[in-house]
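Text of work36.txt, listed as compact mmCIF, C-alpha atoms:
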# COMPACT_ATOMS: atom_id res chain seq x y z
CA MET A 23 89.42 164.27 143.86
CA GLU A 24 88.51 167.71 142.56
CA LEU A 25 90.29 168.43 139.27
CA ALA A 26 89.76 172.19 139.16
CA ASP A 27 93.03 174.04 138.51
CA ARG A 28 94.98 170.79 138.64
CA THR A 29 97.29 168.89 136.31
CA VAL A 30 96.53 165.34 135.18
CA MET A 31 99.12 163.19 133.43
CA LEU A 32 97.95 160.30 131.29
CA LEU A 33 100.55 157.64 130.50
CA GLY A 34 99.66 155.71 127.36
CA GLY A 35 97.55 158.59 126.18
CA SER A 36 97.42 157.52 122.53
CA GLY A 37 95.75 154.14 123.09
CA LEU A 38 92.05 153.27 123.18
CA VAL A 39 91.93 153.15 126.98
CA GLY A 40 93.99 156.33 127.25
CA HIS A 41 91.70 158.19 124.83
CA ALA A 42 88.60 157.09 126.78
CA VAL A 43 90.16 158.21 130.07
CA ALA A 44 91.16 161.55 128.53
CA ARG A 45 87.58 162.14 127.38
CA ARG A 46 86.31 161.50 130.91
CA VAL A 47 88.92 163.80 132.44
CA LEU A 48 88.05 166.62 130.03
CA ALA A 49 84.34 166.13 130.79
CA ALA A 50 84.89 166.60 134.53
CA THR A 51 83.09 169.49 136.21
CA PRO A 52 85.08 171.58 136.81
CA PRO A 53 87.78 170.37 134.40
CA PRO A 54 91.51 170.32 135.17
CA ARG A 55 93.82 173.13 134.17
CA ARG A 56 96.21 170.91 132.19
CA LEU A 57 96.20 167.43 130.66
CA VAL A 58 99.56 165.88 129.76
CA LEU A 59 99.45 163.04 127.23
CA VAL A 60 102.47 160.71 127.22
CA ALA A 61 102.90 158.00 124.57
CA LEU A 62 105.61 156.02 122.85
CA PHE A 63 105.49 157.69 119.42
CA GLU A 64 105.24 161.38 118.52
CA ASP A 65 102.80 161.00 115.63
CA GLU A 66 100.39 158.93 117.72
CA VAL A 67 100.32 161.26 120.72
CA ARG A 68 99.88 164.33 118.50
CA ALA A 69 97.03 162.58 116.68
CA ALA A 70 95.42 161.83 120.04
CA ALA A 71 95.71 165.49 121.05
CA ARG A 72 94.05 166.57 117.80
CA ALA A 73 91.24 164.07 118.35
CA LEU A 74 90.63 165.53 121.82
CA GLU A 75 90.56 169.13 120.56
CA PRO A 76 86.72 169.33 120.31
CA TYR A 77 86.40 168.27 123.95
CA ARG A 78 89.19 170.19 125.64
CA GLY A 79 87.42 173.51 126.22
CA SER A 80 89.78 175.69 128.25
CA VAL A 81 92.06 172.79 129.23
CA THR A 82 95.66 172.97 128.04
CA ILE A 83 96.80 169.72 126.41
CA ASP A 84 100.54 169.03 126.36
CA VAL A 85 102.16 166.06 124.63
CA GLU A 86 105.30 164.09 125.41
CA TRP A 87 106.63 160.93 123.83
CA GLY A 88 109.26 158.27 124.34
CA ASN A 89 109.82 155.00 126.18
CA VAL A 90 109.14 155.87 129.82
CA PHE A 91 111.02 152.77 130.99
CA MET A 92 114.29 153.97 129.45
CA PRO A 93 116.87 156.68 130.23
CA ALA A 94 115.95 159.91 128.47
CA PRO A 95 119.02 159.93 126.11
CA VAL A 96 117.79 156.71 124.43
CA ALA A 97 114.06 156.89 125.20
CA ARG A 98 113.12 157.95 121.65
CA LEU A 99 115.19 155.28 119.94
CA ASP A 100 113.70 151.95 118.85
CA ILE A 101 114.75 148.84 120.74
CA ALA A 102 116.70 147.43 117.79
CA THR A 103 118.93 150.52 117.72
CA ILE A 104 119.56 150.25 121.45
CA MET A 105 120.35 146.55 121.22
CA GLY A 106 122.77 147.11 118.36
CA ASN A 107 124.81 149.88 119.96
CA GLY A 108 127.32 149.05 122.70
CA GLU A 109 127.19 152.51 124.34
CA HIS A 110 123.40 152.45 124.48
CA ARG A 111 123.40 148.95 125.99
CA ALA A 112 125.93 149.97 128.62
CA LEU A 113 123.86 153.01 129.59
CA VAL A 114 120.62 151.04 129.93
CA LEU A 115 122.21 148.11 131.76
CA GLY A 116 124.01 150.41 134.16
CA ASP A 117 120.79 152.17 135.09
CA LEU A 118 118.88 148.88 135.19
CA LEU A 119 121.19 146.68 137.26
CA GLY A 120 123.16 149.23 139.27
CA ASP A 121 122.24 151.00 142.49
CA LEU A 122 119.30 153.39 142.46
CA SER A 123 121.21 156.67 142.60
CA ASP A 124 120.15 160.23 141.87
CA GLY A 125 121.91 159.95 138.54
CA VAL A 126 119.78 156.95 137.54
CA LEU A 127 116.62 158.77 138.59
CA GLU A 128 117.45 162.00 136.81
CA ARG A 129 118.28 160.21 133.56
CA ASN A 130 114.99 158.33 133.43
CA LEU A 131 112.38 159.82 131.08
CA LEU A 132 109.39 159.13 133.34
CA PHE A 133 111.14 160.70 136.32
CA ARG A 134 111.92 163.82 134.30
CA LEU A 135 108.32 164.17 133.10
CA LEU A 136 106.81 163.76 136.56
CA VAL A 137 109.21 166.20 138.18
CA ARG A 138 108.77 168.73 135.36
CA TYR A 139 104.95 168.77 135.25
CA LYS A 140 104.29 167.85 138.91
CA PRO A 141 100.88 166.32 138.14
CA ASP A 142 98.30 166.14 140.90
CA ALA A 143 96.99 162.87 139.45
CA VAL A 144 98.51 160.25 137.16
CA VAL A 145 96.51 157.68 135.21
CA ASP A 146 98.74 154.92 133.83
CA SER A 147 97.14 152.98 130.97
CA ILE A 148 100.40 151.55 129.60
CA ASN A 149 100.30 147.76 129.33
CA THR A 150 103.44 147.36 131.39
CA ALA A 151 103.25 143.56 131.57
CA THR A 152 103.16 143.29 127.77
CA ALA A 153 106.07 145.70 127.35
CA PHE A 154 108.31 143.53 129.52
CA ALA A 155 107.04 140.00 128.82
CA TYR A 156 106.99 140.09 125.04
CA GLN A 157 110.70 140.65 124.77
CA ASP A 158 110.58 136.80 124.93
CA ILE A 159 113.25 135.83 127.43
CA PHE A 160 112.73 132.15 126.51
CA GLN A 161 113.74 132.55 122.88
CA SER A 162 116.62 134.78 123.91
CA ALA A 163 117.87 132.12 126.35
CA ARG A 164 117.63 129.38 123.71
CA THR A 165 119.58 131.52 121.26
CA LEU A 166 122.24 132.30 123.85
CA LEU A 167 122.63 128.60 124.77
CA ALA A 168 122.94 127.62 121.12
CA ARG A 169 125.63 130.25 120.55
CA ALA A 170 127.44 129.14 123.73
CA GLN A 171 127.52 125.57 122.45
CA ASP A 172 129.12 126.77 119.23
CA GLY A 173 131.55 129.01 121.11
CA GLY A 174 130.11 132.17 119.59
CA VAL A 175 129.01 133.99 122.73
CA ASP A 176 130.49 137.46 123.13
CA ARG A 177 129.77 140.36 125.48
CA ALA A 178 127.21 141.85 123.10
CA ALA A 179 125.15 138.63 123.14
CA VAL A 180 125.17 138.53 126.93
CA GLU A 181 124.16 142.20 127.19
CA GLN A 182 121.32 141.73 124.70
CA HIS A 183 120.02 138.81 126.74
CA LEU A 184 120.23 140.75 130.02
CA LEU A 185 118.27 143.62 128.49
CA ARG A 186 115.34 141.24 127.95
CA LEU A 187 115.03 140.11 131.58
CA PRO A 188 111.54 141.24 132.64
CA LEU A 189 111.76 141.30 136.44
CA PRO A 190 114.76 143.67 136.75
CA GLN A 191 112.96 146.08 134.41
CA LEU A 192 109.75 145.87 136.44
CA ILE A 193 111.50 146.34 139.77
CA ARG A 194 113.53 149.31 138.59
CA HIS A 195 110.41 150.89 137.06
CA ALA A 196 108.55 150.50 140.37
CA GLN A 197 111.45 152.08 142.27
CA ILE A 198 111.71 155.01 139.89
CA ILE A 199 107.99 155.79 139.70
CA THR A 200 107.66 155.58 143.50
CA GLU A 201 110.39 158.16 144.05
CA ALA A 202 109.20 160.31 141.16
CA LEU A 203 105.61 160.45 142.42
CA ARG A 204 106.82 161.40 145.88
CA ARG A 205 109.09 164.19 144.64
CA ALA A 206 106.41 165.50 142.28
CA GLY A 207 103.87 165.69 145.11
CA THR A 208 101.33 163.61 143.17
CA GLN A 209 98.19 162.91 145.18
CA ALA A 210 96.66 160.01 143.23
CA TYR A 211 98.09 157.28 140.99
CA VAL A 212 95.67 155.06 139.05
CA LYS A 213 97.02 152.04 137.18
CA ILE A 214 94.93 150.26 134.53
CA GLY A 215 96.24 146.74 135.06
CA THR A 216 95.87 143.42 133.30
CA SER A 217 95.52 139.75 134.15
CA GLY A 218 97.78 138.85 131.25
CA THR A 219 95.69 136.14 129.58
CA GLY A 220 92.22 137.66 129.60
CA GLY A 221 91.39 136.32 133.03
CA MET A 222 90.54 132.73 132.08
CA GLY A 223 92.31 129.42 132.71
CA PHE A 224 95.51 127.80 131.49
CA ASN A 225 93.78 125.73 128.83
CA ILE A 226 90.98 128.03 127.70
CA PRO A 227 91.55 129.72 124.32
CA TYR A 228 90.21 133.11 125.37
CA THR A 229 92.54 135.71 123.92
CA HIS A 230 95.61 136.12 121.73
CA SER A 231 94.37 133.40 119.29
CA GLU A 232 96.27 130.71 121.19
CA GLU A 233 94.90 127.23 121.86
CA ARG A 234 97.12 127.07 124.93
CA PRO A 235 98.83 130.04 126.57
CA SER A 236 102.42 130.35 125.36
CA ALA A 237 105.37 130.91 127.66
CA PRO A 238 105.55 134.65 126.83
CA LEU A 239 101.83 134.99 127.50
CA LEU A 240 102.15 133.29 130.89
CA THR A 241 105.15 135.52 131.57
CA LYS A 242 102.86 138.46 130.92
CA SER A 243 100.39 137.12 133.48
CA ALA A 244 103.18 136.55 136.01
CA ILE A 245 104.56 140.05 135.50
CA ALA A 246 101.06 141.49 135.89
CA GLY A 247 100.72 139.73 139.25
CA ALA A 248 104.15 140.87 140.40
CA HIS A 249 103.29 144.42 139.38
CA SER A 250 100.15 144.28 141.53
CA MET A 251 102.22 143.37 144.59
CA LEU A 252 104.66 146.21 143.93
CA LEU A 253 101.70 148.60 143.69
CA PHE A 254 100.50 147.13 146.98
CA LEU A 255 103.79 148.26 148.50
CA LEU A 256 103.52 151.67 146.83
CA GLY A 257 100.09 152.17 148.39
CA ARG A 258 101.60 151.61 151.84
CA THR A 259 104.64 153.82 151.35
CA PRO A 260 104.75 156.98 153.50
CA ASP A 261 104.33 160.20 151.50
CA ALA A 262 103.31 158.20 148.42
CA PRO A 263 100.08 159.03 146.56
CA VAL A 264 96.81 157.18 146.97
CA THR A 265 97.35 154.16 144.73
CA VAL A 266 94.58 152.37 142.85
CA GLU A 267 94.96 149.48 140.42
CA ILE A 268 92.01 148.50 138.24
CA LYS A 269 92.07 145.08 136.57
CA PRO A 270 89.04 144.98 134.24
CA THR A 271 89.57 141.32 133.32
CA ALA A 272 89.33 140.29 136.97
CA THR A 273 85.73 141.48 137.03
CA ILE A 274 84.98 139.96 133.62
CA ALA A 275 86.31 136.54 134.58
CA TRP A 276 84.50 136.66 137.92
CA ARG A 277 81.19 137.48 136.28
CA GLU A 278 81.58 134.66 133.74
CA VAL A 279 82.59 132.00 136.28
CA ALA A 280 79.68 132.93 138.54
CA HIS A 281 77.24 131.70 135.88
CA VAL A 282 78.99 128.52 134.65
CA PRO A 283 76.76 125.45 135.23
CA VAL A 284 78.52 122.32 136.55
CA ARG A 285 77.38 118.78 137.32
CA ARG A 286 76.81 117.90 140.95
CA ASN A 287 75.08 114.70 142.18
CA GLY A 288 74.02 113.92 138.62
CA LYS A 289 72.16 117.20 138.11
CA ARG A 290 73.20 120.37 136.41
CA SER A 291 73.57 123.19 138.97
CA ARG A 292 76.03 125.90 139.93
CA SER A 293 78.83 124.86 142.25
CA TRP A 294 79.06 126.19 145.78
CA ILE A 295 82.01 128.38 144.78
CA ALA A 296 80.01 129.86 141.91
CA LYS A 297 77.06 130.52 144.23
CA ARG A 298 79.30 132.27 146.70
CA ARG A 299 80.87 134.39 143.99
CA SER A 300 77.44 135.26 142.65
CA ARG A 301 76.45 136.31 146.16
CA CYS A 302 79.55 138.50 146.32
CA MET A 303 78.61 140.19 143.06
CA ARG A 304 75.18 141.14 144.43
CA ARG A 305 76.67 142.50 147.64
CA LEU A 306 78.97 144.94 145.86
CA ARG A 307 77.19 148.27 146.01
CA PRO A 308 77.11 150.53 142.93
CA GLY A 309 80.09 152.83 142.65
CA ARG A 310 82.64 150.39 144.03
CA ASN A 311 85.74 149.77 141.96
CA ARG A 312 85.42 146.07 141.23
CA GLY A 313 88.80 144.56 140.71
CA ALA A 314 90.52 147.59 142.24
CA THR A 315 93.28 147.80 144.79
CA SER A 316 93.38 151.04 146.77
CA ALA A 317 96.26 151.69 149.14
CA GLY A 318 96.89 147.97 149.31
CA HIS A 319 93.28 146.88 149.84
CA SER A 320 91.23 144.88 147.37
CA THR A 321 87.46 144.73 146.85
CA ALA A 322 87.68 141.96 144.25
CA CYS A 323 87.30 138.25 144.93
CA THR A 324 89.47 136.39 142.45
CA SER A 325 90.28 133.35 144.57
CA THR A 326 89.00 129.89 143.60
CA SER A 327 89.18 128.68 147.17
CA ALA A 328 85.84 127.64 148.59
CA LYS A 329 86.94 128.76 152.05
CA MET A 330 87.59 132.37 151.10
CA ASP A 331 85.32 135.04 152.55
CA CYS A 332 84.19 137.03 149.52
CA SER A 333 82.53 139.84 151.41
CA PRO A 334 83.62 143.38 150.47
CA ALA A 335 86.81 144.56 152.13
CA THR A 336 84.93 147.22 154.09
CA SER A 337 82.37 144.78 155.52
CA SER A 338 83.21 143.59 159.03
CA LYS A 339 80.79 140.62 159.16
CA PRO A 340 78.42 138.79 156.77
CA SER A 341 74.74 139.56 156.52
CA ARG A 342 72.00 137.57 158.26
CA ARG A 343 70.78 136.28 154.92
CA TRP A 344 74.27 134.95 154.22
CA ASP A 345 74.32 133.27 157.67
CA ARG A 346 71.02 131.53 156.95
CA TRP A 347 72.18 130.35 153.54
CA ASN A 348 75.50 129.13 154.91
CA SER A 349 73.86 127.28 157.81
CA SER A 350 71.44 125.60 155.42
CA ARG A 351 74.31 124.51 153.21
CA ARG A 352 76.15 123.00 156.19
CA ARG A 353 73.06 121.06 157.28
CA LYS A 354 72.63 119.64 153.79
CA SER A 355 76.29 118.62 153.62
CA ARG A 356 75.98 116.75 156.96
CA THR A 357 72.88 114.86 155.80
CA THR A 358 74.50 113.83 152.53

Let's see the structure in the file written out as structure tokens.
Amino acid sequence: MELADRTVMLLGGSGLVGHAVARRVLAATPPPRRLVLVALFEDEVRAAARALEPYRGSVTIDVEWGNVFMPAPVARLDIATIMGNGEHRALVLGDLLGDLSDGVLERNLLFRLLVRYKPDAVVDSINTATAFAYQDIFQSARTLLARAQDGGVDRAAVEQHLLRLPLPQLIRHAQIITEALRRAGTQAYVKIGTSGTGGMGFNIPYTHSEERPSAPLLTKSAIAGAHSMLLFLLGRTPDAPVTVEIKPTATIAWREVAHVPVRRNGKRSRSWIAKRRSRCMRRLRPGRNRGATSAGHSTACTSTSAKMDCSPATSSKPSRRWDRWNSSRRRKSRTT
């Protein structure tokens, strides 16, 4: 979309990805009228704004900070303070588990920011899955069970455990941002997503310095997948903005798997799945968003099923070269 005389909001604007996106937005020709950086901490977002000063030109850079998943009255408090205060817990739990009313919407920090600035485009580089998964619901449950066995469970312990449940937080966030984007008249929403574990397998030490993925890390991957499906719904919602999710690790994992040699019939060669994925990689034309979901449609092939058609989502039928290769493969399989 053309950015001239428009407002762009960047969620997670103080991180590495957010800074890179901000540089690209400021380098657009013509540039936007305003760039709004939103981050968790004031010092970090102001430092990011100062770092972007040489590149901003005539663009106005505004900064906002706080936890966008929380009600505005407690959004600038740390989680320990919220957990330790009964009034704060009651406020957050009421907005989290109650009905989605206008009061819940108007109290939420993200809703207030979107309605105030009315951005034409929003780029969300917050690692949402990490924010929810690493509250470690497993450890919280073990602690609660141990206290229940000793008879030491009180209302505060139950409330603290409920505040760590990841799915209610994700669902309420999706509901709030959907309504906020609609009321703000936002035209495009881009989410920088994650696979959770780096895109590799259950037993491959790829990221996070873990020999095997821990339960919180797998929770992160599960939340990332659930978030993708909620964005799928957002992309199909009437009056909602064009919705795009980009999962960089999906493309990375795909590229790596496509070149892994495996043994077949006693010889080292690529498997049929790897060949098919490699073929898919070549068929993607330059400029496509690999690993992206736009308005509920995906151009990425992340399935391990050999029966999956990995042609681009916009292609109606495979090429003649693919037909010849596939026919040859079938003939060979019948002879063997």

>> With only C-alpha atoms as the counted atoms, please give the residues lying no more than 7 Å from range 210-221 of chain A, apart from itself and same-chain residues fewer than 5 positions off, as a ChimeraX atom specification.
In response: /A:142-147,228-229,239,242-243,246,263-269,271-272,275

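Minimum distance to His195 in chain A across A:Arg111, A:His249, A:Arg169, A:His41 (counting all atoms listed in the file) occurs at A:His249.
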
> Which distance in Å separates CA of Val175 in chain A and CA of Asp117 in chain A, to one decimal?
Replying inline: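 These two atoms are separated by 23.5 Å.
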
>> With all atoms listed in the file as the counted atoms, please give the residues lying no more than 6 Å from Ser36 in chain A, apart from itself and same-chain residues fewer than 2 positions off, as number ranges by chain.
In response: A: 34, 40, 61, 66-67, 70

> For the atom pair CA of Phe154 in chain A and CA of Pro188 in chain A, what is the interatomic distance in Å to one decimal place?
Replying inline: 5.0 Å

> CA of Gly35 in chain A to CA of Val60 in chain A: how many Å, to one decimal?
Replying inline: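 We find that CA of Gly35 in chain A and CA of Val60 in chain A lie 5.5 Å from each other.
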
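Distances to Leu122 in chain A were evaluated for A:His110, A:Arg194, A:Arg234, A:Arg134 using all atoms listed in the file, and the minimum falls at A:Arg194.
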
> Smallest atom-to-atom distance to Glu64 in chain A: which of A:Arg98, A:Arg177, A:Arg78, A:Arg45, using all atoms listed in the file?
Replying inline: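 Nearest candidate to Glu64 in chain A out of A:Arg98, A:Arg177, A:Arg78, A:Arg45: A:Arg98.
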
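Nearest residue to Gln161 in chain A, choosing from A:Pro190, A:Pro238, A:Gly125, A:Pro93 and counting all atoms listed in the file: A:Pro238.
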
>> For a cutoff of 12 Å around the file-coordinate point (87.7, 160.4, 126.2), which residues qualify once you count only C-alpha atoms? I'd like the result as a list in words.
In response: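 It turns out the residues near that spot are Leu32, Gly35, Ser36, Gly37, Leu38, Val39, Gly40, His41, Ala42, Val43, Ala44, Arg45, Arg46, Val47, Leu48, Ala49, Ala50, Leu57, Ala70, Ala71, Ala73, Leu74, Glu75, Pro76, Tyr77 and Arg78 of chain A.
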
>> Every residue with an atom at most 7 Å from (122.1, 155.1, 135.8) (file coordinates; all atoms listed in the file) is what I'm after, so could you write them as an MDAnalysis selection string?
In response: chainID A and resid 113 116:117 120 125:126 129

>> List as an MDAnalysis selection string the protein and nucleic acid residues near Asn89 in chain A, meaning an atom at most 10 Å away when all atoms listed in the file are counted, but skip any in the same chain fewer than 6 places from it.
In response: chainID A and resid 60:63 96:101 130:132

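Minimum atom-to-atom distance to Leu256 in chain A, evaluated using only C-alpha atoms, belongs to A:Leu203 out of A:Leu203, A:Val30, A:Met105, A:Ala112.
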
> Contacts of Ala248 in chain A at 10 Å or less, counting only C-alpha atoms, minus same-chain residues fewer than 3 places along, as a list in words?
Replying inline: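 Result of the neighbour search: Ala151, Leu189, Leu192, Ile193, Lys242, Ser243, Ala244, Ile245, Met251, Leu252, Leu253 and Phe254 of chain A.
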